[in-house]
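Here the structure comes first, spelled out in structure tokens, and everything after it is commentary.
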Amino acid sequence: MDLFSRIAGRYDHIIKGFDLEKIIGDITYSKDALLVDLGGGTGRVATLFLDYVNECLILDRSFEMIKQAHNKSRNLLLVQGSGDSMPFRENTINQIFVNDVLHHIQKQEETLQESHLVLKDQGKLIIRDYDRKYVGNIFLFIFEKILRFGSVFFSPQELKDKCQDIGFSVNWKRLTRGTYLLSAEKSIKLT
Ligand SMILES: C[S@@+](CC[C@H](N)C(=O)[O-])C[C@H]1O[C@@H](n2cnc3c(N)ncnc32)[C@H](O)[C@@H]1O
């Protein structure tokens, strides 16, 4: 059992609440479309998204984390699975949100590619994560190393380059000195 599964029942108490309203203006989202919260865990963020989008689906590899989301709201769609192999058909998803997850994912490259595959043209992959290059994050990096999370962090520019190589158009902005929000849009393929 991985660490998230072991701490699932206490996760929301360990991690502070999430202020979606602070960033919702920075996210271009479609109200009428399904939003996939990749690595959405206990539904801490997804339950907030229910006020903004029609449907929200959590895809998370930890069954224990998803169980917490189930206890929180019956309006969430819950799927156990991994970001590098999502159970969606190609070109079917409008928006994928990834909060505090990418650095935990082992197959990061594959997950970015898979996101590109399942997103529709002009669909968006929105990632909030911690900047590898911000010195103040050092305690977080050490903490996650001690817990043997195996985390791999990127700077926003590094992640932008990776997403562009895959075929996304990318913008990012700093949310705090140590965190950033990156929006990667699947470009329309001209035939
Ligand atoms: C730090 S928690 C963040 C949970 C949620 N996004 C939030 O902000 O509350 C990281 C989550 O990513 C999930 N996760 C890790 N690797 C994953 C993968 N390859 N595919 C899907 N979920 C993954 C973990 O199970 C865990 O629930």
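By convention here, the chains of the structure tokens are called A, B, ... in the order presented, each chain's residues are numbered starting at 1, and ligands are numbered starting at 1 in the order presented.
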
Which chain A residues have any atom within 10 Å of an atom of ligand 1, and for each, what is the nearest pair of atoms with distance in Å to one decimal, counting only C-alpha atoms and all ligand atoms, rows sorted by chain and number, as CSV?
```
residue,atom,partner,partner_atom_place_in_ligand_line,distance
A:Asp2,CA,ligand 1,25 (O),8.0
A:Leu3,CA,ligand 1,25 (O),8.4
A:Phe4,CA,ligand 1,25 (O),5.5
A:Ser5,CA,ligand 1,25 (O),6.9
A:Ile7,CA,ligand 1,27 (O),9.9
A:Ala8,CA,ligand 1,27 (O),8.0
A:Tyr11,CA,ligand 1,9 (O),8.1
A:Asp12,CA,ligand 1,9 (O),7.4
A:Ile15,CA,ligand 1,9 (O),7.6
A:Lys16,CA,ligand 1,9 (O),9.0
A:Gly17,CA,ligand 1,9 (O),8.5
A:Phe18,CA,ligand 1,8 (O),7.5
A:Asp37,CA,ligand 1,6 (N),7.1
A:Leu38,CA,ligand 1,21 (C),5.9
A:Gly39,CA,ligand 1,22 (N),3.6
A:Gly40,CA,ligand 1,6 (N),3.9
A:Gly41,CA,ligand 1,27 (O),3.5
A:Thr42,CA,ligand 1,9 (O),6.3
A:Gly43,CA,ligand 1,9 (O),6.5
A:Arg44,CA,ligand 1,9 (O),5.0
A:Val45,CA,ligand 1,9 (O),5.8
A:Ala46,CA,ligand 1,5 (C),8.2
A:Ile58,CA,ligand 1,22 (N),8.9
A:Leu59,CA,ligand 1,21 (C),6.0
A:Asp60,CA,ligand 1,22 (N),3.8
A:Arg61,CA,ligand 1,22 (N),4.4
A:Ser62,CA,ligand 1,25 (O),4.4
A:Phe63,CA,ligand 1,25 (O),8.0
A:Glu64,CA,ligand 1,25 (O),8.4
A:Met65,CA,ligand 1,27 (O),5.7
A:Ile66,CA,ligand 1,27 (O),7.7
A:Val79,CA,ligand 1,21 (C),9.6
A:Gln80,CA,ligand 1,21 (C),7.8
A:Gly81,CA,ligand 1,21 (C),5.9
A:Ser82,CA,ligand 1,20 (N),3.4
A:Gly83,CA,ligand 1,20 (N),4.1
A:Asp84,CA,ligand 1,19 (N),6.3
A:Ser85,CA,ligand 1,20 (N),8.4
A:Met86,CA,ligand 1,20 (N),8.6
A:Phe97,CA,ligand 1,6 (N),8.4
A:Val98,CA,ligand 1,6 (N),6.3
A:Asn99,CA,ligand 1,6 (N),4.5
A:Asp100,CA,ligand 1,3 (C),5.0
A:Val101,CA,ligand 1,10 (C),4.5
A:Leu102,CA,ligand 1,16 (N),7.5
A:His103,CA,ligand 1,15 (C),8.4
A:His104,CA,ligand 1,15 (C),5.1
A:Ile105,CA,ligand 1,16 (N),4.2
A:Gln106,CA,ligand 1,19 (N),6.2
A:Lys107,CA,ligand 1,19 (N),6.7
A:Gln108,CA,ligand 1,19 (N),7.9
A:Glu110,CA,ligand 1,19 (N),9.7
A:Thr111,CA,ligand 1,19 (N),7.6
A:Arg128,CA,ligand 1,8 (O),9.0
A:Asp129,CA,ligand 1,8 (O),9.8
A:Phe149,CA,ligand 1,15 (C),9.6
A:Ser151,CA,ligand 1,15 (C),9.9
```

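Shortest atom-to-atom contact with A:Pro87 among A:Leu125, A:Leu48, A:Tyr130, A:Val36: A:Val36, counting only C-alpha atoms.
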
task = Return the single residue from A:Ile126, A:Ile188, A:Leu78, A:Leu57 that is closest to A:Lys173, with distances computed using only C-alpha atoms.
result =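 Among A:Ile126, A:Ile188, A:Leu78, A:Leu57, it is A:Ile126 that comes nearest to A:Lys173.
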
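Remark: for A:Lys160, the closest of the candidate residues A:Phe143, A:Leu175, A:Val53, A:Ser183 is A:Ser183 (distances computed over only C-alpha atoms).
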
ask   = Out of stretch 22-176 of chain A, which residues get alpha helix (DSSP H) from DSSP, as an MDAnalysis selection string?
value = chainID A and resid 22:24 46:49 63:72 108:118 138:146 156:166

Limited to N, CA and C atoms, could you put the picked residues into a file as a short mmCIF file (atom, residue, chain, number, x, y, z; two decimals), in the first residue's frame?
```
data_model
loop_
_atom_site.label_atom_id
_atom_site.label_comp_id
_atom_site.auth_asym_id
_atom_site.auth_seq_id
_atom_site.Cartn_x
_atom_site.Cartn_y
_atom_site.Cartn_z
N LYS A 22 -9.28 31.49 -5.45
CA LYS A 22 -8.09 32.31 -5.68
C LYS A 22 -7.51 32.10 -7.08
N ILE A 23 -7.75 30.92 -7.65
CA ILE A 23 -7.16 30.65 -8.97
C ILE A 23 -8.19 30.43 -10.07
N ILE A 24 -9.47 30.37 -9.70
CA ILE A 24 -10.48 30.02 -10.71
C ILE A 24 -10.49 31.04 -11.85
N ALA A 46 -11.91 18.69 -6.03
CA ALA A 46 -13.00 18.34 -6.96
C ALA A 46 -14.36 18.78 -6.43
N THR A 47 -14.59 18.68 -5.12
CA THR A 47 -15.89 19.08 -4.57
C THR A 47 -16.10 20.58 -4.78
N LEU A 48 -15.03 21.35 -4.75
CA LEU A 48 -15.13 22.79 -5.00
C LEU A 48 -15.46 23.05 -6.47
N PHE A 49 -14.87 22.24 -7.34
CA PHE A 49 -15.10 22.40 -8.78
C PHE A 49 -16.57 22.17 -9.15
N PHE A 63 -7.14 3.65 -4.32
CA PHE A 63 -8.54 3.33 -4.00
C PHE A 63 -8.94 3.96 -2.66
N GLU A 64 -8.02 3.96 -1.71
CA GLU A 64 -8.32 4.51 -0.38
C GLU A 64 -8.59 6.01 -0.45
N MET A 65 -7.84 6.71 -1.27
CA MET A 65 -8.07 8.15 -1.43
C MET A 65 -9.44 8.39 -2.08
N ILE A 66 -9.75 7.61 -3.10
CA ILE A 66 -11.03 7.76 -3.79
C ILE A 66 -12.21 7.47 -2.85
N LYS A 67 -12.00 6.52 -1.94
CA LYS A 67 -13.06 6.18 -0.98
C LYS A 67 -13.43 7.41 -0.14
N GLN A 68 -12.43 8.20 0.19
CA GLN A 68 -12.68 9.44 0.97
C GLN A 68 -13.53 10.40 0.14
N ALA A 69 -13.23 10.47 -1.15
CA ALA A 69 -14.01 11.34 -2.04
C ALA A 69 -15.45 10.86 -2.11
N HIS A 70 -15.63 9.57 -2.12
CA HIS A 70 -16.98 8.98 -2.18
C HIS A 70 -17.77 9.38 -0.93
N ASN A 71 -17.11 9.38 0.22
CA ASN A 71 -17.80 9.77 1.47
C ASN A 71 -18.16 11.25 1.47
N LYS A 72 -17.38 12.03 0.72
CA LYS A 72 -17.56 13.48 0.72
C LYS A 72 -18.72 13.92 -0.17
N GLN A 108 5.97 10.51 -15.71
CA GLN A 108 5.51 11.88 -15.98
C GLN A 108 5.37 12.15 -17.48
N GLU A 109 6.40 11.76 -18.22
CA GLU A 109 6.41 11.99 -19.67
C GLU A 109 5.20 11.32 -20.31
N GLU A 110 4.98 10.05 -19.91
CA GLU A 110 3.86 9.27 -20.47
C GLU A 110 2.52 9.91 -20.10
N THR A 111 2.45 10.47 -18.88
CA THR A 111 1.20 11.08 -18.42
C THR A 111 0.90 12.35 -19.22
N LEU A 112 1.92 13.12 -19.52
CA LEU A 112 1.72 14.33 -20.34
C LEU A 112 1.28 13.93 -21.75
N GLN A 113 1.91 12.87 -22.27
CA GLN A 113 1.55 12.41 -23.62
C GLN A 113 0.13 11.85 -23.65
N GLU A 114 -0.21 11.10 -22.61
CA GLU A 114 -1.55 10.51 -22.52
C GLU A 114 -2.61 11.62 -22.42
N SER A 115 -2.29 12.67 -21.67
CA SER A 115 -3.22 13.80 -21.54
C SER A 115 -3.44 14.43 -22.91
N HIS A 116 -2.36 14.59 -23.66
CA HIS A 116 -2.46 15.17 -25.00
C HIS A 116 -3.35 14.30 -25.90
N LEU A 117 -3.21 13.00 -25.73
CA LEU A 117 -3.96 12.04 -26.56
C LEU A 117 -5.45 12.11 -26.27
N VAL A 118 -5.84 12.13 -25.00
CA VAL A 118 -7.27 12.05 -24.65
C VAL A 118 -7.97 13.41 -24.76
N ILE A 138 12.84 24.09 -0.48
CA ILE A 138 13.82 23.07 -0.10
C ILE A 138 13.29 22.16 1.01
N PHE A 139 12.54 22.74 1.96
CA PHE A 139 12.03 21.93 3.09
C PHE A 139 11.01 20.90 2.60
N LEU A 140 10.20 21.32 1.63
CA LEU A 140 9.23 20.39 1.03
C LEU A 140 9.98 19.25 0.32
N PHE A 141 11.02 19.62 -0.44
CA PHE A 141 11.77 18.60 -1.19
C PHE A 141 12.42 17.60 -0.22
N ILE A 142 12.99 18.13 0.87
CA ILE A 142 13.64 17.25 1.86
C ILE A 142 12.58 16.36 2.53
N PHE A 143 11.47 16.98 2.90
CA PHE A 143 10.39 16.25 3.56
C PHE A 143 9.92 15.08 2.68
N GLU A 144 9.71 15.36 1.39
CA GLU A 144 9.22 14.30 0.49
C GLU A 144 10.29 13.24 0.24
N LYS A 145 11.57 13.66 0.34
CA LYS A 145 12.65 12.69 0.19
C LYS A 145 12.69 11.75 1.39
N ILE A 146 12.52 12.33 2.58
CA ILE A 146 12.51 11.52 3.81
C ILE A 146 11.37 10.50 3.75
N PRO A 156 8.67 25.89 -13.84
CA PRO A 156 7.63 26.11 -14.85
C PRO A 156 8.18 26.12 -16.27
N GLN A 157 9.39 26.67 -16.45
CA GLN A 157 9.97 26.72 -17.79
C GLN A 157 10.31 25.31 -18.29
N GLU A 158 10.82 24.45 -17.39
CA GLU A 158 11.14 23.07 -17.78
C GLU A 158 9.86 22.33 -18.21
N LEU A 159 8.79 22.54 -17.43
CA LEU A 159 7.54 21.85 -17.76
C LEU A 159 6.93 22.42 -19.05
N LYS A 160 7.07 23.72 -19.22
CA LYS A 160 6.59 24.35 -20.46
C LYS A 160 7.28 23.70 -21.67
N ASP A 161 8.60 23.57 -21.59
CA ASP A 161 9.36 22.98 -22.70
C ASP A 161 8.88 21.56 -22.99
N LYS A 162 8.67 20.78 -21.93
CA LYS A 162 8.22 19.38 -22.10
C LYS A 162 6.86 19.34 -22.80
N CYS A 163 5.95 20.19 -22.33
CA CYS A 163 4.60 20.19 -22.91
C CYS A 163 4.63 20.67 -24.36
N GLN A 164 5.46 21.65 -24.64
CA GLN A 164 5.56 22.15 -26.03
C GLN A 164 6.10 21.07 -26.96
N ASP A 165 7.07 20.28 -26.47
CA ASP A 165 7.63 19.20 -27.29
C ASP A 165 6.55 18.19 -27.68
N ILE A 166 5.55 18.04 -26.78
CA ILE A 166 4.49 17.06 -27.03
C ILE A 166 3.44 17.62 -28.00
#
```

message = Quick one: residues within 6 Å of A:Ala184, only C-alpha atoms, excluding same-chain residues fewer than 5 positions away - as a list in words?
response = Lys124, Leu125, Phe168, Ser169 and Val170 of chain A

Give me a file of those residues, with N, CA and C atoms, as a PDB file, in the first residue's frame.
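Result file is part33.pdb:
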```pdb
ATOM      1  N   LYS A 124      -7.695  21.529 -22.496  1.00  0.00           N
ATOM      2  CA  LYS A 124      -6.637  22.099 -21.656  1.00  0.00           C
ATOM      3  C   LYS A 124      -6.187  21.163 -20.538  1.00  0.00           C
ATOM      4  N   LEU A 125      -4.891  21.156 -20.370  1.00  0.00           N
ATOM      5  CA  LEU A 125      -4.268  20.465 -19.243  1.00  0.00           C
ATOM      6  C   LEU A 125      -3.752  21.559 -18.307  1.00  0.00           C
ATOM      7  N   PHE A 168       1.654  20.862 -27.157  1.00  0.00           N
ATOM      8  CA  PHE A 168       0.774  21.813 -26.477  1.00  0.00           C
ATOM      9  C   PHE A 168       1.252  23.247 -26.728  1.00  0.00           C
ATOM     10  N   SER A 169       0.302  24.187 -26.684  1.00  0.00           N
ATOM     11  CA  SER A 169       0.659  25.609 -26.568  1.00  0.00           C
ATOM     12  C   SER A 169       0.568  25.928 -25.083  1.00  0.00           C
ATOM     13  N   VAL A 170       1.572  26.592 -24.556  1.00  0.00           N
ATOM     14  CA  VAL A 170       1.663  26.685 -23.092  1.00  0.00           C
ATOM     15  C   VAL A 170       1.792  28.116 -22.577  1.00  0.00           C
TER      16      VAL A 170
END
```

Near A:Lys120, counting only C-alpha atoms, which residues have an atom at most 7 Å away, once you skip same-chain residues fewer than 2 positions from it, shown as a compact mmCIF listing (two decimals) with C-alpha atoms, in the first residue's frame?
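Produced file result.txt, reproduced below:
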```txt
# COMPACT_ATOMS: atom_id res chain seq x y z
CA ASN A 91 -9.92 13.32 -28.35
CA THR A 92 -12.82 13.12 -25.89
CA ILE A 93 -11.85 15.22 -22.85
CA ASN A 94 -12.09 19.03 -22.59
CA VAL A 118 -7.27 12.05 -24.65
CA GLN A 122 -8.10 23.08 -27.79
CA GLY A 123 -8.65 20.98 -24.66
```

query = Mind pulling up the distance from atom CA of A:Lys133 to atom CA of A:Asp19?
reply =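 Calculated distance between atom CA of A:Asp19 and atom CA of A:Lys133 is 24.0 Å.
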
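Between atom CA of A:Ile127 and atom CA of A:Phe153 the separation is 12.2 Å.
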
ask   = Given the choices A:Glu90, A:Gly150, A:Asn137, A:Gln95, which gets closest to A:Thr28 if the distance is worked out from only C-alpha atoms?
value = A:Gln95
